[in-house]
Every structure is written in C-alpha cells, then in structure tokens.
Amino acid sequence: MKAAQVRRAFLDFFAARGHSEVASSSLVPANDPTLLFTNAGMNQFKDVFVGAETRPYTRATTSQKCVRAGGKHNDLDEVGKTPRHHTFFEMLGNFSFGDYFKEDAIAWAWKLLTEVYGIDQRRLCVTVYGSDPELAGVDADDDARAIWKRVTGFGDDRIIGLGKKDNFWQMGETGPMGPCSEIHYFMDGAPAAWPTTDVRSWSGWLEIWNLVFMQYERRTAGGELFALPAPSIDTGAGLERVTSVLQGVRSNYDTDLFSGIIAHAAEIAGITYGQDAERDTSLRVIADHARCATFLMADGVMPDKGNREYVLRRIFRRAVRHGKLIGLAEPFMHRVCERVIEEMKDVYPALAERKDVVTTVALDEEQRFRRTLDRGLDILEDEIVRVKAANEDKVSGKAVFQLYDTFGFPDDLTEIIATERGVTIDRLGFEQELAIAKERSRFGGSDQVAVSAIYKEIAGQVGATKFLGYDGRGTRGEGRIKAIVVDNEPVAHASSGARVALAFDQTPFYAESGGQIGDTGVVETSTGARVQIFDTKKPAGDVFVLFGELVDGSVAVGDKVTFKVDDERRERIRANHSATHLLNHALHTVLGGHVAQKGSLVAPDRLRFDFTHGAPMTEAQLRQVEDLVNAEIRKNGDSHVQVLPIAEAKQQGAVAMFGEKYGDTVRVVRIGHDSLEFCGGTHVRRAGDIGLFKIIGEAGVAQGVRRIEAVTGAGALDYVRKLEDELTSTGERLKAAPFEVAGKVEKLLGEAKALQKELDKLKAKVAAGGGGRDLLSEVVEIKGVRVLAASIEADDAKVLRDTGDSLRDKLGSGVLVLCGIGADKVSILAMVTPEHVGKLHAGKLLGVVAELLGGRGGGKADMAQGGGKDATKVPAALEAARRWVADNA
C-alpha cells in the first residue's frame, strides 16, 4: 500500500461504521492556550470530551496533521538519525463521544490491521493496563484483556500488563482519563518469544496503535477518580509507522511519504541517497523539516521571534545548515517545500492554495539565514581570537548560546569550528543558559489555564449562545441569565458595584471573533438592575460572555433581561468589517493570488489587515488598492449573506481565513460585486454605507507579513481634515499656499544640501592642514615605508574618509593612520598604498589601534575603518601603529 492508500483505507473503514470523517484541524490549536502546536488527533475534540462543546455526531475519524517540536519536545537532534523521530507527522484516529466503548474499539482495530491491512497476526502483541501503586483504587483492566482474548485468541503471554507510565492516559492533572491498550508489531519476522514487563524484552517491537479508554474523571489535582457517566474512546495510529510496516521497511524515511522528497533534495545537491551515512542524515533532516515548515507556513505560522514562529525558524534553519553540509551553496528549501506541496496537495488542498506564500517565505527566510550564518561566523571568529589572546581554551557558554539563540547558529557547528581552531566550547555553560531561556519562555500560564477552565465548565453547562445580531436591527433583544462570574468564580447572584461576566441563552451582543471586536452597551432587568457592558468575548466553546460593571441593582441566574447594543459603535464596526473584505479582494487583484489574510482588527475607529506578501507595497500599489475599494463603495451594491455547505461555498469561490477551522456549514458574505468570504461577523447592508475608505499606513509586522491600517466613513473624513489642517499650517510657516508646500520644501532642502556640501569641504580642508597645520611634515620613514600617523579634529566618519583620501594622494606611497577626535568618540582610518599591500594589511593595523582605544573595526588590506572610545590614549595608539609597521614591514 502507498501511504495515501493506508490513510484512505483507515478513514473509509471507520466511515463505514458510522463515523463522521472530520478534516484535520490547523496546526495552531484553536481551543488550548497550553499547546504550541496541535500534537495529537484528540486536540480538536478536547472540548467535546470535557463537555464544553457539542457536535452533530458521536463518532469521528480523522487523519490529523501534528507537530511535536519546541516546548517539552526537545529531541530535534534525533531527527534524521533514528528511523522514527519526526517534527511533523500524521495521526490516524477514531473517536467515540459517549457512544461505543472497548468492545468495538478493540474488535475494529484488530479487523482493520489483520483483514484490511493484512498484517501478519503472528507478529502482533498487545499491552493493557496492569496495575500501579501510583493509581490506588484503579484495578487492572481485565475487561480489555478479556476482549482481546476473545477477539484475537491470544493467550495471556501476548497480552502484557504494564503500569501507569505505559498504559494509563490522562489529558492533564484533572479531566477525563483512563487506561489504554497498545498494539505492537515485531519488525524482525516471527518473534522467538513474547515480550514481558522487562523493558529489555521489547527490542525489535514497534508500537503502531494506541487505544485510550476514557472511563474516569479527576475533578481536582491529586484527587479521587470518578467513573464517567458516558465513557469515550480516543485512538491514535501514526501514519508513518503503519506505512513502514505495510511497505516492509525498517525506517519511516524509506516509505513513500519521504522517499520522493529525499530524492528531490539529493538531486538538487547532486548526490545520491544511500552512499554516505552523514549525507544521508542531512537529507533525512531536510525532508522532515521541509514537511514541517511547509505545513506550518500553510497554516499561517511564519518564521519569526514569537513562540511558534521561532520554533519554525529553528527547524527551518537547521535544514538550511544541513544543506550547507552537503554542499548546497544557494537557497534550496523553497524547492524542497514545493515538492512537499506536490506530494501532499491531493490530501491537503490548502497547500496548493498557499503554494506562493510558502515558497516565497521559504526563499526569503533562507536568504536571511545565509546572511545571518555568515555574520555568526564572523562573531565566532572574533570570540576565538579573544579566547586565545586571554590564554583561555574555551568559548564561553554564554557566547555559544548567543550564537545559537540570536543568530540561529547550531551549537554543534560552533563546537566543530572551535575544535578546528584549537579550542573547545563550554558545553555545560551553554546548556545552563539554554535551560534558563527555556524556563523564561515557557508557553502558557497557570492563571490563563485556570480562568479558561472556569469558562469551559460554564460552556458545558449552559451550551451555545444564540446570536440575535443578524436579524432585524440586530442591536436589541431579550434573554435570560444562565451564568454569572465574579472575580473568576461562578456565583448565583451579584450586587451593585461588582465587575461581572454574564452568559445568556441568547443575545444581540457580538462576541469578539474573526478580528471583529466585541460589542458594548447596556443590559437591564425588569427589576431595575443595570449592567454597563465593556466587552463581549467567546472564552470557551460557543458561549458568549458579556463583561461589565453592575451599576445599579442586583442580578441573579435565571433573571430575564433586555439588551441594548451601542448602535453608533456597531455601525462603525460594520463599515470597517465590510471594508476589510473589499480590501482583501483588492489586494488579491493588485498583488496576486499569493495574498492570504493573516489576521485583522475591526474596531469602531479603524481597521487593521495583516496579509502575506514579501515586500513593502509601493505608493502606486497602495493607491490602486484604495481606488478599487472606493469604486466598489460608490457602486453601492447590496450585501448578501448565505449559510451553505462548506463544499458548495468553496465551489462558489468564497475565501476562507488563513488557518481557521470551519464546520460542515459556513456563513458566506458577499460585499459589493466580487468579494465573497466565509464570515460570522456583522456587515453593512450596502457597500455605500462604508462611505469612504482611506489607507493611513502600510508596514511589515513579521517576515513575509505586511499590515495595512485604514479608516472609513466618519473616521476617514476626520483623517482627511487632519491632513488638511496640517498642510495648511505648514504652508503658513513656509509662506506658501497648500499646493505649493512640496515645491517650497524641495527648494529649501536643495539649499540646505548645498550648504552642507560646502561645510564638509571646509572641514576636510581644515583637517588636512588647511588651518595652518602641515600634516605632511609629520610623515616619518620606517624601514623604507613613509608613515603618517596623526590625530585631527573630525567627528564625522565621512569627513575623516575624505581627509584620508586627500592625504593619501599627497603622500603618494606609504601608510596612513588617522584618529578623528569627536565629542564622545574617536573615529579611526587606516590606509595602505598598493605597493605595500603584500606585506602590510590596513585591517590588521586598524585592529591594533582600535583595541588600544577601547573599540573595534576592520576592513580590507588597503583601507579599514573603525572606532574607539578613549581619546586620552590616542598618542599611545598612534605610536603603536608606527611600531606595528616597523615589526611587519
């Protein structure tokens, strides 16, 4: 079986048994602040398992894309060296949410493996939960053992009971948990004996599937376990492992999931896979990391300095470094990522849609790193020179970490170069610095998790909130209080003065989502209570929570209320939200199909739109985008909203948000004539309601990501008036009419430039002796070389260089060293004329002078520049320059 057939057979098998085939969720978790990346098939169902979310099915099957890198997954160095270490992989899974349990899960797993996949039963054994003193009160899973015996005919010797570490799974310190059962395959033919509880007996065995039986719940950390009223199933089988078994290979890298990518990388490098162990390792690293980088970038994660972004950057740069090791001197990763897309696009169509984004960002990141790598080499060279000068033998752990962390410089490469230069690295010091950094940047926080748990519990109790804001005026309505939170604790009632968070059965208040900020307004009860609402959010599941202050009276769970959304604020938000849709379409038209939305902010006073694009937009492009949006506004087309099956929406050309997760049906909004997007926000009734669209800024916010800020309607009018006032005020100061200001400024700038040029000439003339000092009279001859080493008054590097050029021409042949003394620094220039370059080097000479002055610098053999701090040591430094010439001439 090809990997695609393995995947499809799994999904079809469970679909035929009543499971809904659910698409893989994004690699960026939508519902768990503690996770860097989606790392298991059950992540997207976490809220379903804990009751905070309901779905229209009780059985599901998926092939989930996963990333395990960063955070607690710190075994990057093993990738490429072992048969099964990966940063990116796919997890096949079947799930039951209170539906079937152990009997079906075990029987189906066995049937799929032995009848559909045809795996030899003689090479299989299973594990179940035995017992463990750490889990007092949890008996051995005799139910699972009995079912396995009945289904397979195995004796107890092939059903091995293990403890908590191996065969008990839990989501966290609290929540659902339960025993699990693993299916293992023997890689070396028919096993001579079955494994036991002794870890040494498991050599040659490969775990291929884990069945988790969620039958308990722990409500407090370390507390008692309670039986779940509706036990559930969560299973996971690594596609790469199962495929390696079915294709009869010992390494995942030898399956067709990797072989084409490895071959492509080898072809680019002009080498053959399988002929050199070290090169093979590098090719495997490149293949794995290209898969990971491609999928992360397609899900909207771009290499940068943030938590997720930096994990991607380090993975990507590790691949580039391995490319250099196999002789790839030019950027190549964008080509390997393109091969990943070609191989995986049929299963993950979003890869093809975002191909331009992925390849553009990959090329840009590699070009950046290659420049960074060269700078890192320069810094390492300086550090090695310092270590040797101090008679030390180790590059400090702090320096190694700086190279590793700031420049993405792998520590093993630092060690190799240091060894070649006769020194070592302080590995213990490096590991200490690394541990400190990891502790400092741990992802998530306990407070955030605790607050999140409160709202997840409420979501499970009250269910989804019905949003009334799409109907009629959409800013008025009635509802009933379902939950109250004060000081992060659920309460039954609250009194005047309390800061409250309220959940209702229904509300017209829009909860922050899709970039649109939450509504504000007032909530009132028939008894006179009044709550001023400051914000509305969806902290868990589909429950809307209104945050505000109880200014009058008291409220209790069950009270009936009336809602009053701030109308004017909502109208401004509508205009800005609809404008982002028109802007998105205009950017596609002007810049190309690689543009993808990366985020947005829709507020009453402005809009912000982040999108993928590799370069700053030109003024002409910005003007064209602005014109396209305003043309649609003037056409004043009606807005249209439809709720469609997701496949039909995509067929119509609706644009989805980058990395967003959607259900089976989606709300599709058409603004103007051509903009069609998936969107759950509020919008204008007609495009003309936006009024006017004005871009006020464009800038880069991350690598490969640009941001446009704009205003609409009354906000745009305010902005234009401010510009007008500023222009008029400037014109008055320049004694020019508003439309003559630019010409007047241009004239003044020309005059200032001419004056500066004259001033520079006078400074250079004075510095070169035009003020009465004859610098050439200070020339001395050392071993047949004319040397001028002098100090002058010059606080500008350009003036110093111009002075040096003039004096060198007058000197004719020899060596020139100038120290330009400024207010708070010393500028240094060294020059060697061509006939002396063979023996004397301006860069090395300047290094001697700069070190004495407490500075640094460098350059070529004929000219070098640098700087120092201590002007009092200039005479000594100039004398040192003369001695250096004497020693080297």
# chains A, B, ... in the order shown; residues from 1 in each chain; ligands from 1

$ closest_atom_pairs --of "range 640-748 of chain A" --to "range 590-605 of chain A" --cutoff "10 Å" --atoms "only C-alpha atoms" --output "JSON lines"
{"residue": "A:Val655", "atom": "CA", "partner": "A:Ala596", "partner_atom": "CA", "distance": 9.2}
{"residue": "A:Ala656", "atom": "CA", "partner": "A:Gln597", "partner_atom": "CA", "distance": 8.6}
{"residue": "A:Met657", "atom": "CA", "partner": "A:Gln597", "partner_atom": "CA", "distance": 6.2}
{"residue": "A:Phe658", "atom": "CA", "partner": "A:Gln597", "partner_atom": "CA", "distance": 5.7}
{"residue": "A:Gly659", "atom": "CA", "partner": "A:Lys598", "partner_atom": "CA", "distance": 8.3}
{"residue": "A:Glu660", "atom": "CA", "partner": "A:Lys598", "partner_atom": "CA", "distance": 9.9}
{"residue": "A:Gly681", "atom": "CA", "partner": "A:Val602", "partner_atom": "CA", "distance": 9.9}
{"residue": "A:Val705", "atom": "CA", "partner": "A:Lys598", "partner_atom": "CA", "distance": 7.6}
{"residue": "A:Arg706", "atom": "CA", "partner": "A:Lys598", "partner_atom": "CA", "distance": 9.0}
{"residue": "A:Arg707", "atom": "CA", "partner": "A:Ser600", "partner_atom": "CA", "distance": 8.9}
{"residue": "A:Ile708", "atom": "CA", "partner": "A:Ser600", "partner_atom": "CA", "distance": 9.4}
{"residue": "A:Glu709", "atom": "CA", "partner": "A:Leu601", "partner_atom": "CA", "distance": 9.2}
{"residue": "A:Ala710", "atom": "CA", "partner": "A:Asp605", "partner_atom": "CA", "distance": 9.3}
{"residue": "A:Val711", "atom": "CA", "partner": "A:Asp605", "partner_atom": "CA", "distance": 6.9}
{"residue": "A:Thr712", "atom": "CA", "partner": "A:Asp605", "partner_atom": "CA", "distance": 8.2}
{"residue": "A:Gly713", "atom": "CA", "partner": "A:Asp605", "partner_atom": "CA", "distance": 9.6}
{"residue": "A:Ala714", "atom": "CA", "partner": "A:Asp605", "partner_atom": "CA", "distance": 8.9}
{"residue": "A:Gly715", "atom": "CA", "partner": "A:Asp605", "partner_atom": "CA", "distance": 6.2}
{"residue": "A:Ala716", "atom": "CA", "partner": "A:Asp605", "partner_atom": "CA", "distance": 9.2}

$ select_by_dssp --residues "range 101-219 of chain A" --states "alpha helix (DSSP H)" --output "short mmCIF file (atom, residue, chain, number, x, y, z; two decimals) with N, CA and C atoms, in the first residue's frame"
data_model
loop_
_atom_site.label_atom_id
_atom_site.label_comp_id
_atom_site.auth_asym_id
_atom_site.auth_seq_id
_atom_site.Cartn_x
_atom_site.Cartn_y
_atom_site.Cartn_z
N LYS A 102 -14.98 -0.14 24.71
CA LYS A 102 -13.84 -1.05 24.49
C LYS A 102 -14.13 -2.15 23.48
N GLU A 103 -15.31 -2.76 23.59
CA GLU A 103 -15.61 -3.92 22.75
C GLU A 103 -15.43 -3.60 21.27
N ASP A 104 -16.09 -2.51 20.82
CA ASP A 104 -16.00 -2.14 19.41
C ASP A 104 -14.62 -1.61 19.05
N ALA A 105 -14.03 -0.80 19.93
CA ALA A 105 -12.72 -0.21 19.63
C ALA A 105 -11.68 -1.30 19.38
N ILE A 106 -11.66 -2.32 20.23
CA ILE A 106 -10.68 -3.39 20.10
C ILE A 106 -10.98 -4.25 18.87
N ALA A 107 -12.25 -4.63 18.70
CA ALA A 107 -12.62 -5.51 17.57
C ALA A 107 -12.32 -4.83 16.24
N TRP A 108 -12.64 -3.55 16.13
CA TRP A 108 -12.41 -2.84 14.88
C TRP A 108 -10.93 -2.65 14.60
N ALA A 109 -10.16 -2.35 15.63
CA ALA A 109 -8.72 -2.19 15.44
C ALA A 109 -8.11 -3.48 14.90
N TRP A 110 -8.50 -4.60 15.48
CA TRP A 110 -7.96 -5.89 15.05
C TRP A 110 -8.39 -6.21 13.62
N LYS A 111 -9.64 -5.95 13.30
CA LYS A 111 -10.15 -6.23 11.96
C LYS A 111 -9.43 -5.39 10.91
N ASP A 142 -9.00 -5.72 33.34
CA ASP A 142 -9.34 -7.09 32.96
C ASP A 142 -10.38 -7.13 31.85
N ASP A 143 -11.20 -6.06 31.74
CA ASP A 143 -12.18 -6.00 30.64
C ASP A 143 -11.47 -6.02 29.30
N ALA A 144 -10.48 -5.15 29.16
CA ALA A 144 -9.75 -5.09 27.89
C ALA A 144 -9.03 -6.40 27.61
N ARG A 145 -8.43 -6.99 28.64
CA ARG A 145 -7.73 -8.26 28.46
C ARG A 145 -8.69 -9.34 27.95
N ALA A 146 -9.88 -9.39 28.55
CA ALA A 146 -10.85 -10.41 28.16
C ALA A 146 -11.32 -10.21 26.72
N ILE A 147 -11.53 -8.95 26.35
CA ILE A 147 -11.98 -8.66 24.97
C ILE A 147 -10.89 -9.05 23.97
N TRP A 148 -9.63 -8.70 24.28
CA TRP A 148 -8.53 -9.06 23.38
C TRP A 148 -8.44 -10.58 23.21
N LYS A 149 -8.61 -11.31 24.30
CA LYS A 149 -8.56 -12.77 24.21
C LYS A 149 -9.66 -13.29 23.28
N ARG A 150 -10.85 -12.75 23.47
CA ARG A 150 -12.00 -13.22 22.69
C ARG A 150 -11.84 -12.86 21.21
N VAL A 151 -11.36 -11.64 20.92
CA VAL A 151 -11.25 -11.16 19.54
C VAL A 151 -10.09 -11.82 18.80
N THR A 152 -8.97 -12.02 19.48
CA THR A 152 -7.74 -12.46 18.81
C THR A 152 -7.39 -13.92 19.04
N LYS A 164 1.26 2.58 34.98
CA LYS A 164 0.74 3.91 34.65
C LYS A 164 1.53 4.58 33.54
N LYS A 165 2.85 4.50 33.59
CA LYS A 165 3.69 5.21 32.63
C LYS A 165 3.37 4.80 31.20
N ASP A 166 3.13 3.50 30.98
CA ASP A 166 2.94 3.00 29.62
C ASP A 166 1.48 2.85 29.23
N ASN A 167 0.58 2.57 30.18
CA ASN A 167 -0.76 2.18 29.80
C ASN A 167 -1.86 2.86 30.60
#

$ closest_residue --among "A:Gly130, A:Gly163, A:Pro231, A:Gly204" --to "Gly98 in chain A" --atoms "only C-alpha atoms"
A:Pro231

$ closest_residue --among "A:Tyr310, A:Asp346, A:Lys46, A:Arg17" --to "Met177 in chain A" --atoms "only C-alpha atoms"
A:Lys46

$ residues_around --residues "Val780 in chain A" --least-positions-apart "6" --cutoff "12 Å" --atoms "only C-alpha atoms" --output "CSV table (one decimal) with all heavy atoms, in the first residue's frame"
chain,number,residue,atom,x,y,z
A,786,ARG,N,57.0,55.2,4.1
A,786,ARG,CA,56.6,56.5,4.6
A,786,ARG,C,55.3,56.3,5.4
A,786,ARG,O,54.3,55.8,4.9
A,786,ARG,CB,56.3,57.5,3.4
A,786,ARG,CG,57.6,58.0,2.7
A,786,ARG,CD,57.4,58.6,1.4
A,786,ARG,NE,56.4,59.6,1.3
A,786,ARG,CZ,56.6,60.9,1.7
A,786,ARG,NH1,57.9,61.3,2.0
A,786,ARG,NH2,55.7,61.8,1.6
A,787,VAL,N,55.3,56.8,6.6
A,787,VAL,CA,54.2,56.6,7.6
A,787,VAL,C,53.7,57.9,8.1
A,787,VAL,O,54.5,58.7,8.6
A,787,VAL,CB,54.6,55.6,8.7
A,787,VAL,CG1,53.4,55.5,9.7
A,787,VAL,CG2,55.1,54.3,8.2
A,788,LEU,N,52.4,58.2,8.0
A,788,LEU,CA,51.8,59.3,8.6
A,788,LEU,C,50.7,58.8,9.6
A,788,LEU,O,49.7,58.2,9.2
A,788,LEU,CB,51.1,60.2,7.5
A,788,LEU,CG,50.3,61.4,8.1
A,788,LEU,CD1,51.1,62.3,9.0
A,788,LEU,CD2,49.6,62.2,7.0
A,789,ALA,N,51.0,59.0,10.9
A,789,ALA,CA,50.1,58.6,11.9
A,789,ALA,C,49.8,59.8,12.7
A,789,ALA,O,50.6,60.4,13.4
A,789,ALA,CB,50.7,57.5,12.8
A,790,ALA,N,48.5,60.3,12.6
A,790,ALA,CA,48.2,61.6,13.2
A,790,ALA,C,46.8,61.7,13.7
A,790,ALA,O,45.9,60.9,13.3
A,790,ALA,CB,48.4,62.7,12.2
A,811,LEU,N,50.5,61.9,-0.1
A,811,LEU,CA,51.6,61.0,0.4
A,811,LEU,C,52.2,60.2,-0.7
A,811,LEU,O,53.4,60.0,-0.7
A,811,LEU,CB,51.0,60.1,1.5
A,811,LEU,CG,52.0,59.2,2.2
A,811,LEU,CD1,53.0,60.0,3.1
A,811,LEU,CD2,51.2,58.2,3.1
A,814,GLY,N,52.9,54.7,0.9
A,814,GLY,CA,53.2,54.6,2.3
A,814,GLY,C,51.9,54.1,3.0
A,814,GLY,O,51.0,53.5,2.5
A,815,VAL,N,51.9,54.4,4.3
A,815,VAL,CA,50.8,54.0,5.3
A,815,VAL,C,50.3,55.2,6.0
A,815,VAL,O,51.1,56.1,6.4
A,815,VAL,CB,51.4,53.0,6.3
A,815,VAL,CG1,50.3,52.7,7.3
A,815,VAL,CG2,51.8,51.7,5.6
A,816,LEU,N,49.0,55.3,6.1
A,816,LEU,CA,48.3,56.4,6.7
A,816,LEU,C,47.4,55.9,7.8
A,816,LEU,O,46.6,55.0,7.6
A,816,LEU,CB,47.5,57.2,5.6
A,816,LEU,CG,46.6,58.3,6.1
A,816,LEU,CD1,47.4,59.5,6.6
A,816,LEU,CD2,45.6,58.7,5.0
A,879,GLU,N,51.5,55.7,18.3
A,879,GLU,CA,52.9,55.2,18.4
A,879,GLU,C,52.9,53.7,18.2
A,879,GLU,O,53.8,53.1,17.6
A,879,GLU,CB,53.4,55.5,19.8
A,879,GLU,CG,54.9,55.1,20.1
A,879,GLU,CD,55.8,55.7,19.0
A,879,GLU,OE1,55.6,56.8,18.6
A,879,GLU,OE2,56.8,55.0,18.6
A,882,ARG,N,52.9,53.0,14.6
A,882,ARG,CA,54.3,53.1,14.0
A,882,ARG,C,55.1,51.8,14.3
A,882,ARG,O,55.8,51.3,13.4
A,882,ARG,CB,55.0,54.3,14.5
A,882,ARG,CG,54.3,55.6,14.1
A,882,ARG,CD,55.0,56.9,14.6
A,882,ARG,NE,54.2,58.1,14.4
A,882,ARG,CZ,53.6,58.7,15.4
A,882,ARG,NH1,53.6,58.2,16.6
A,882,ARG,NH2,52.9,59.8,15.1
A,883,ARG,N,55.0,51.3,15.5
A,883,ARG,CA,55.7,50.1,15.9
A,883,ARG,C,55.3,48.9,15.1
A,883,ARG,O,56.1,48.1,14.7
A,883,ARG,CB,55.6,49.8,17.4
A,883,ARG,CG,56.3,50.8,18.3
A,883,ARG,CD,56.5,50.2,19.7
A,883,ARG,NE,55.2,49.8,20.3
A,883,ARG,CZ,54.4,50.7,21.0
A,883,ARG,NH1,54.9,51.9,21.2
A,883,ARG,NH2,53.3,50.3,21.5
A,885,VAL,N,54.1,48.9,12.1
A,885,VAL,CA,54.7,49.0,10.7
A,885,VAL,C,56.2,48.5,10.8
A,885,VAL,O,56.6,47.8,9.9
A,885,VAL,CB,54.6,50.4,10.2
A,885,VAL,CG1,55.4,50.5,8.9
A,885,VAL,CG2,53.1,50.8,10.0
A,886,ALA,N,56.9,49.0,11.8
A,886,ALA,CA,58.3,48.6,12.0
A,886,ALA,C,58.4,47.0,12.1
A,886,ALA,O,59.3,46.4,11.6
A,886,ALA,CB,58.9,49.3,13.2

$ atom_distance --atom1 "CA of Gln516 in chain A" --atom2 "CA of Arg606 in chain A"
11.0 Å
